[in-house]
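Novice: So that we are looking at the same thing, I have put the structure below in C-alpha cells.
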Amino acid sequence: MPSLKDLRNRIASVKATQKITKAMQMVAAAKLRRAQMAAEAARPYAERMEAVLANIAGNLGDGAQGPVLLTGNGRDNVHLLVVCTAERGLCGAFNSSIVRLARERANSLMAQGKTVKILCVGKKGYDQLRRQYEKQIIELIELRSVKQMAFTDADPIGKKLIALFEQGEYDVCTLFFARFRSVILQIPTALQLIPATFAKAQSTGGAQSAYDYEPSEAGILDALLPRNISVQVFRALLENAASEQGARMSSMDSATRNAGDMIKKQTITYNRSRQAMITKELIEIISGAEAL
C-alpha cells in the first residue's frame with residue numbers, strides 16, 4: 001500500500017495535470033470560434049464553384065473534348081491519396097479517424113491490384129501511416145508554422161497535385177479530411193479531386209441551357225478546374241482546423257473530468273489511510289498504557 005507521502009504526491013500531480021487540461025480546453029474553445037467561422041465562410045464559395053463547374057461540364061457537347069482534369073487520362077491504375085491531418089495530438093480520435101478511412105481505401109485499392117501513393121499533409125497522419133505504408137508515402141507537407149490557414153497555404157499543394165498528374169505520377173487523386181459538424185462530431189470525408197466529380201451539383205441542374213459561355217465551355221473549364229483543386233484543398237484544411245479544435249476541446253473536457261474523478265478517489269484513499277494510521281497509533285498508545 002502506498003505511503004501517505006506517495007498519495008499526496010500523486011494527488012498533487014493529478015491536480016497539476018487537471019490545470020493543464022483545463023487550460024488547453026479553454027484555448028481550444030477560443031481557437032474553435034475563429035476556425036469555425038473561417039470554415040463556414042469558405043463553404044458557400046467552394047459549393048458555388050462546384051455548381052458552376054457542374055453546369056459548364058454538363059453543357060459540353062457530345063463530341064466536345066473536355067479538359068483532362070475533368071475527364072481523366074483514361075486510366076485507373078495509380079491512385080494518390082492526399083491525407084490531411086493535424087500537426088499536433090491531444091485531440092481525441094480526430095487524426096485516427098481520418099487515417100482509418102485512408103487506410104481502408106488504400107487496402108481496398110491494393111486488394112484490387114492498384115498502385116497506391118500517399119501524400120501526407122500534417123505530421124500526425126504521417127506518423128501513423130508510415131508504420132504500414134512507408135514505401136507508398138511520396139512526401140510529407142508540414143504546416144506547423146502556419147498560425148491561421150490562408151489560401152496561400154493551400155494553393156502550392158493544389159499546384160503540386162496538378163504537376164504530379166501532368167507528369168503521369170498518378171491517375172486518380174482523392175483528398176481525405178474531416179468535415180466539421182459540431183464540437184462532438186467531425187465526419188471523416190473522402191473527396192475525389194482528379195478526375196473532378198460534381199455529383200451533388202449536377203443533381204440540382206435544370207437551368208444549364210440558359211447560359212452562353214465565352215470563349216467556350218472547354219476554355220472556361222481549363223481556367224477554373226486548377227483553381228477549384230486549390231479551393232477544395234483550402235476548404236479541407238479549414239474544415240480540418242475547425243474539427244481539430246473541436247475534437248481537442250471535447251477530449252480535454254473529458255480529461256479534466258477524469259482528473260477530477262481521480263482526485264476524488266485518491267483523496268478518499270488518502271483519508272482512509274491516514275485514519276487507519278491514526279487509529280493504529282492510538283491502539284498502540286492505549287495498549288502501552290494498559291501494560292504499565
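Residue names in the C-alpha cells use chain letters A, B, ... in the order shown, residue numbers from 1 in each chain, and ligand numbers from 1 in the order shown.
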Could you pull out the alpha helix (DSSP H) residues of segment 23-223 of chain A from DSSP and send them as a VMD selection string?

Specialist: chain A and resid 23 to 58 68 to 71 94 to 111 123 to 133 151 to 166 199 to 202 217 to 223

Novice: Show which residues sit within 12 Å of Arg105 of chain A, as a list of chain:residue names. Count only C-alpha atoms, and ignore same-chain residues fewer than 2 positions away.

Specialist: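 Listing them by chain and then by number gives A:His79, A:Leu80, A:Leu81, A:Val82, A:Val83, A:Ile98, A:Val99, A:Arg100, A:Leu101, A:Ala102, A:Arg103, A:Asn107, A:Ser108, A:Leu109, A:Met110, A:Ala111, A:Gln112, A:Lys114, A:Thr115, A:Val116, A:Lys117, A:Ile118, A:Cys173, A:Thr174, A:Leu175, A:Phe176, A:Thr189, A:Ala190, A:Leu191.
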
Novice: Go ahead and write the residues just picked, C-alpha atoms, as a PDB file, in the first residue's frame.

Specialist:
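result25.pdb, freshly written:
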```pdb
ATOM      1  CA  HIS A  79      -4.156   6.275 -57.020  1.00  0.00           C
ATOM      2  CA  LEU A  80      -2.833   9.187 -54.992  1.00  0.00           C
ATOM      3  CA  LEU A  81      -4.307   9.574 -51.515  1.00  0.00           C
ATOM      4  CA  VAL A  82      -3.868  13.052 -50.012  1.00  0.00           C
ATOM      5  CA  VAL A  83      -4.318  12.602 -46.251  1.00  0.00           C
ATOM      6  CA  ILE A  98      -9.038  10.252 -40.976  1.00  0.00           C
ATOM      7  CA  VAL A  99      -6.144   7.799 -41.125  1.00  0.00           C
ATOM      8  CA  ARG A 100      -8.541   4.874 -40.676  1.00  0.00           C
ATOM      9  CA  LEU A 101     -10.624   5.993 -43.659  1.00  0.00           C
ATOM     10  CA  ALA A 102      -7.499   6.442 -45.796  1.00  0.00           C
ATOM     11  CA  ARG A 103      -6.135   3.063 -44.685  1.00  0.00           C
ATOM     12  CA  ASN A 107      -6.188  -1.603 -48.535  1.00  0.00           C
ATOM     13  CA  SER A 108      -9.215  -1.861 -50.829  1.00  0.00           C
ATOM     14  CA  LEU A 109      -7.287  -0.477 -53.810  1.00  0.00           C
ATOM     15  CA  MET A 110      -4.267  -2.678 -53.171  1.00  0.00           C
ATOM     16  CA  ALA A 111      -6.533  -5.719 -52.937  1.00  0.00           C
ATOM     17  CA  GLN A 112      -7.763  -4.837 -56.458  1.00  0.00           C
ATOM     18  CA  LYS A 114      -3.957  -0.955 -57.914  1.00  0.00           C
ATOM     19  CA  THR A 115      -0.843   1.062 -57.108  1.00  0.00           C
ATOM     20  CA  VAL A 116      -1.281   3.403 -54.146  1.00  0.00           C
ATOM     21  CA  LYS A 117       0.731   6.541 -53.415  1.00  0.00           C
ATOM     22  CA  ILE A 118       0.212   8.694 -50.335  1.00  0.00           C
ATOM     23  CA  CYS A 173      -6.437  11.721 -56.707  1.00  0.00           C
ATOM     24  CA  THR A 174      -8.575  11.534 -53.559  1.00  0.00           C
ATOM     25  CA  LEU A 175      -8.490  14.006 -50.670  1.00  0.00           C
ATOM     26  CA  PHE A 176      -9.103  12.851 -47.081  1.00  0.00           C
ATOM     27  CA  THR A 189     -14.620  12.554 -45.677  1.00  0.00           C
ATOM     28  CA  ALA A 190     -13.069  11.321 -48.938  1.00  0.00           C
ATOM     29  CA  LEU A 191     -13.342  13.735 -51.883  1.00  0.00           C
TER      30      LEU A 191
END
```

Novice: Can you tell me which residues surround Val27 of chain A at a distance of at most 10 Å, considering only C-alpha atoms, apart from same-chain residues fewer than 4 positions away, and format the answer as a VMD selection string?

Specialist: chain A and resid 21 to 23 31 to 32 245 248 to 249

Novice: Go ahead and write the selection's residues with all heavy atoms as a short mmCIF file (atom, residue, chain, number, x, y, z; two decimals), in the first residue's frame.

Specialist:
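And here is the file that came out, result30.cif:
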```
data_model
loop_
_atom_site.label_atom_id
_atom_site.label_comp_id
_atom_site.auth_asym_id
_atom_site.auth_seq_id
_atom_site.Cartn_x
_atom_site.Cartn_y
_atom_site.Cartn_z
N THR A 21 -4.98 20.49 -18.59
CA THR A 21 -6.07 20.09 -19.49
C THR A 21 -7.17 21.14 -19.52
O THR A 21 -7.77 21.39 -20.58
CB THR A 21 -6.65 18.73 -19.08
OG1 THR A 21 -7.10 18.78 -17.71
CG2 THR A 21 -5.59 17.63 -19.20
N LYS A 22 -7.44 21.78 -18.38
CA LYS A 22 -8.45 22.83 -18.35
C LYS A 22 -8.00 24.02 -19.17
O LYS A 22 -8.80 24.62 -19.92
CB LYS A 22 -8.70 23.26 -16.89
CG LYS A 22 -9.80 24.30 -16.74
CD LYS A 22 -11.14 23.77 -17.18
CE LYS A 22 -12.25 24.78 -16.93
NZ LYS A 22 -13.57 24.30 -17.40
N ALA A 23 -6.71 24.38 -19.07
CA ALA A 23 -6.20 25.50 -19.86
C ALA A 23 -6.24 25.18 -21.36
O ALA A 23 -6.60 26.03 -22.18
CB ALA A 23 -4.77 25.82 -19.43
N LYS A 31 -9.87 29.17 -29.98
CA LYS A 31 -9.44 28.95 -31.36
C LYS A 31 -10.57 28.37 -32.21
O LYS A 31 -10.64 28.65 -33.41
CB LYS A 31 -8.24 28.01 -31.39
CG LYS A 31 -6.96 28.63 -30.83
CD LYS A 31 -5.79 27.66 -30.98
CE LYS A 31 -4.49 28.29 -30.50
NZ LYS A 31 -3.34 27.35 -30.64
N LEU A 32 -11.43 27.57 -31.59
CA LEU A 32 -12.52 26.94 -32.34
C LEU A 32 -13.45 27.99 -32.94
O LEU A 32 -13.91 27.84 -34.07
CB LEU A 32 -13.30 26.00 -31.42
CG LEU A 32 -14.60 25.42 -31.99
CD1 LEU A 32 -14.31 24.55 -33.21
CD2 LEU A 32 -15.34 24.63 -30.92
N GLN A 245 -9.78 21.63 -33.45
CA GLN A 245 -10.03 22.37 -32.22
C GLN A 245 -11.28 21.86 -31.50
O GLN A 245 -11.30 21.80 -30.26
CB GLN A 245 -10.16 23.87 -32.53
CG GLN A 245 -8.93 24.50 -33.14
CD GLN A 245 -7.68 24.32 -32.31
OE1 GLN A 245 -7.75 24.22 -31.08
NE2 GLN A 245 -6.53 24.29 -32.95
N ARG A 248 -10.21 18.61 -29.87
CA ARG A 248 -9.33 18.87 -28.72
C ARG A 248 -10.13 19.43 -27.54
O ARG A 248 -9.88 19.05 -26.39
CB ARG A 248 -8.23 19.84 -29.13
CG ARG A 248 -7.26 20.16 -27.98
CD ARG A 248 -6.05 20.96 -28.43
NE ARG A 248 -5.16 20.12 -29.22
CZ ARG A 248 -4.90 20.30 -30.51
NH1 ARG A 248 -5.46 21.32 -31.16
NH2 ARG A 248 -4.09 19.51 -31.15
N MET A 249 -11.06 20.31 -27.82
CA MET A 249 -11.89 20.86 -26.75
C MET A 249 -12.67 19.76 -26.05
O MET A 249 -12.74 19.71 -24.81
CB MET A 249 -12.84 21.91 -27.33
CG MET A 249 -13.78 22.54 -26.32
SD MET A 249 -14.86 23.76 -27.11
CE MET A 249 -16.00 24.08 -25.77
#
```

Novice: Among the residues of segment 102-222 of chain A, find those DSSP assigns to strand (DSSP E or B) from the backbone and print them as a ChimeraX atom specification.

Specialist: /A:115-121,137-141,172-182,185-194

Novice: Considering only C-alpha atoms, can you say which of A:Glu239, A:Asp127, A:Glu142, A:Asp153 comes closest to Arg181 of chain A?

Specialist: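 Once distances to Arg181 of chain A are computed over only C-alpha atoms, the minimum belongs to A:Glu239.
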
Novice: May I have a table of the residues of segment 166-258 of chain A lying at most 10 Å from segment 63-73 of chain A, giving each one's closest pair of atoms and their distance in Å to one decimal, counting only C-alpha atoms, ordered by chain and ascending residue number, as a tab-separated table?

Specialist:
```
residue	atom	partner	partner_atom	distance
A:Glu166	CA	A:Val68	CA	9.2
A:Gly168	CA	A:Asn73	CA	9.0
A:Tyr170	CA	A:Asn73	CA	9.6
A:Asp171	CA	A:Asn73	CA	6.7
A:Val172	CA	A:Gly72	CA	7.7
A:Leu193	CA	A:Leu69	CA	8.5
A:Ile194	CA	A:Leu69	CA	5.8
A:Pro195	CA	A:Gly72	CA	4.8
A:Ala196	CA	A:Leu70	CA	4.9
A:Thr197	CA	A:Leu70	CA	7.6
A:Phe198	CA	A:Leu70	CA	9.8
A:Glu217	CA	A:Gly66	CA	8.5
A:Ala218	CA	A:Gly66	CA	5.8
A:Gly219	CA	A:Pro67	CA	8.6
A:Ile220	CA	A:Pro67	CA	9.8
A:Leu221	CA	A:Pro67	CA	6.8
A:Asp222	CA	A:Pro67	CA	6.1
A:Ala223	CA	A:Pro67	CA	9.8
A:Leu225	CA	A:Leu69	CA	6.9
A:Pro226	CA	A:Leu69	CA	7.8
A:Ile229	CA	A:Leu69	CA	9.5
```

Novice: Include N, CA and C atoms and write out the residues we just selected as a compact mmCIF listing (two decimals), in the first residue's frame.

Specialist:
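So again_3.txt came out as:
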```txt
# COMPACT_ATOMS: atom_id res chain seq x y z
N GLU A 166 0.17 15.88 -64.28
CA GLU A 166 0.66 16.14 -65.64
C GLU A 166 1.93 15.35 -65.94
N GLY A 168 2.32 12.35 -65.03
CA GLY A 168 1.94 10.95 -65.12
C GLY A 168 2.23 10.15 -63.87
N TYR A 170 0.27 9.73 -61.28
CA TYR A 170 -0.91 9.03 -60.79
C TYR A 170 -2.06 9.26 -61.77
N ASP A 171 -3.13 8.49 -61.57
CA ASP A 171 -4.30 8.58 -62.45
C ASP A 171 -5.51 9.18 -61.73
N VAL A 172 -5.67 8.88 -60.45
CA VAL A 172 -6.82 9.34 -59.66
C VAL A 172 -6.30 9.92 -58.35
N LEU A 193 -10.62 14.50 -56.26
CA LEU A 193 -10.27 15.77 -56.90
C LEU A 193 -10.00 15.61 -58.39
N ILE A 194 -9.29 14.55 -58.76
CA ILE A 194 -8.92 14.32 -60.16
C ILE A 194 -9.20 12.85 -60.49
N PRO A 195 -9.99 12.55 -61.51
CA PRO A 195 -10.84 13.45 -62.30
C PRO A 195 -11.92 14.09 -61.42
N ALA A 196 -12.30 15.31 -61.76
CA ALA A 196 -13.26 16.04 -60.94
C ALA A 196 -14.63 15.38 -61.00
N THR A 197 -15.30 15.34 -59.86
CA THR A 197 -16.66 14.80 -59.77
C THR A 197 -17.56 15.86 -59.16
N PHE A 198 -18.75 16.02 -59.74
CA PHE A 198 -19.70 17.03 -59.26
C PHE A 198 -21.08 16.40 -59.13
N GLU A 217 -16.96 26.44 -73.38
CA GLU A 217 -17.03 25.70 -72.13
C GLU A 217 -15.68 25.10 -71.76
N ALA A 218 -15.00 24.53 -72.77
CA ALA A 218 -13.71 23.90 -72.51
C ALA A 218 -12.67 24.92 -72.05
N GLY A 219 -12.70 26.12 -72.64
CA GLY A 219 -11.75 27.15 -72.23
C GLY A 219 -11.97 27.60 -70.80
N ILE A 220 -13.22 27.74 -70.40
CA ILE A 220 -13.53 28.14 -69.03
C ILE A 220 -13.12 27.05 -68.05
N LEU A 221 -13.38 25.80 -68.42
CA LEU A 221 -13.00 24.70 -67.54
C LEU A 221 -11.49 24.62 -67.39
N ASP A 222 -10.75 24.89 -68.46
CA ASP A 222 -9.29 24.88 -68.38
C ASP A 222 -8.78 25.90 -67.36
N ALA A 223 -9.49 27.00 -67.22
CA ALA A 223 -9.07 28.05 -66.28
C ALA A 223 -9.56 27.79 -64.86
N LEU A 225 -10.81 24.72 -63.43
CA LEU A 225 -10.55 23.43 -62.78
C LEU A 225 -9.29 23.45 -61.91
N PRO A 226 -8.16 23.99 -62.39
CA PRO A 226 -6.98 24.05 -61.50
C PRO A 226 -7.23 24.87 -60.23
N ILE A 229 -9.26 22.91 -57.63
CA ILE A 229 -8.49 21.95 -56.83
C ILE A 229 -7.88 22.65 -55.62
```

Novice: Counting only C-alpha atoms, which residue out of A:Ser254, A:Ser287, A:Asn240, A:Thr269 sits closest to Gln25 of chain A?

Specialist: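 Checking each candidate against Gln25 of chain A, we get A:Ser254 as the closest.
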
Novice: When you count only C-alpha atoms, which of these residues is closest to Leu140 of chain A: A:Thr85, A:Gln36, A:Ser96, A:Gln266?

Specialist: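 Looking only at the distances to Leu140 of chain A, the closest residue turns out to be A:Thr85.
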
Novice: For Ile184 of chain A, which residue out of A:Met252, A:Ile11, A:Ile263, A:Ala41 is the nearest one, using only C-alpha atoms?

Specialist: A:Met252

Novice: With a distance cut-off of 12 Å and only C-alpha atoms, select the neighbouring residues of Pro156 of chain A, excluding the residue or stretch itself and same-chain residues fewer than 2 positions from it, and output the selection as a list in words.

Specialist: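 That gives Val121, Ile141, Leu143, Ala150, Phe151, Thr152, Asp153, Ala154, Gly158, Lys159, Lys160, Leu161, Ile162, Ala163, Pro226, Arg227, Ile229, Ser230, Val231, Val233 and Phe234 of chain A.
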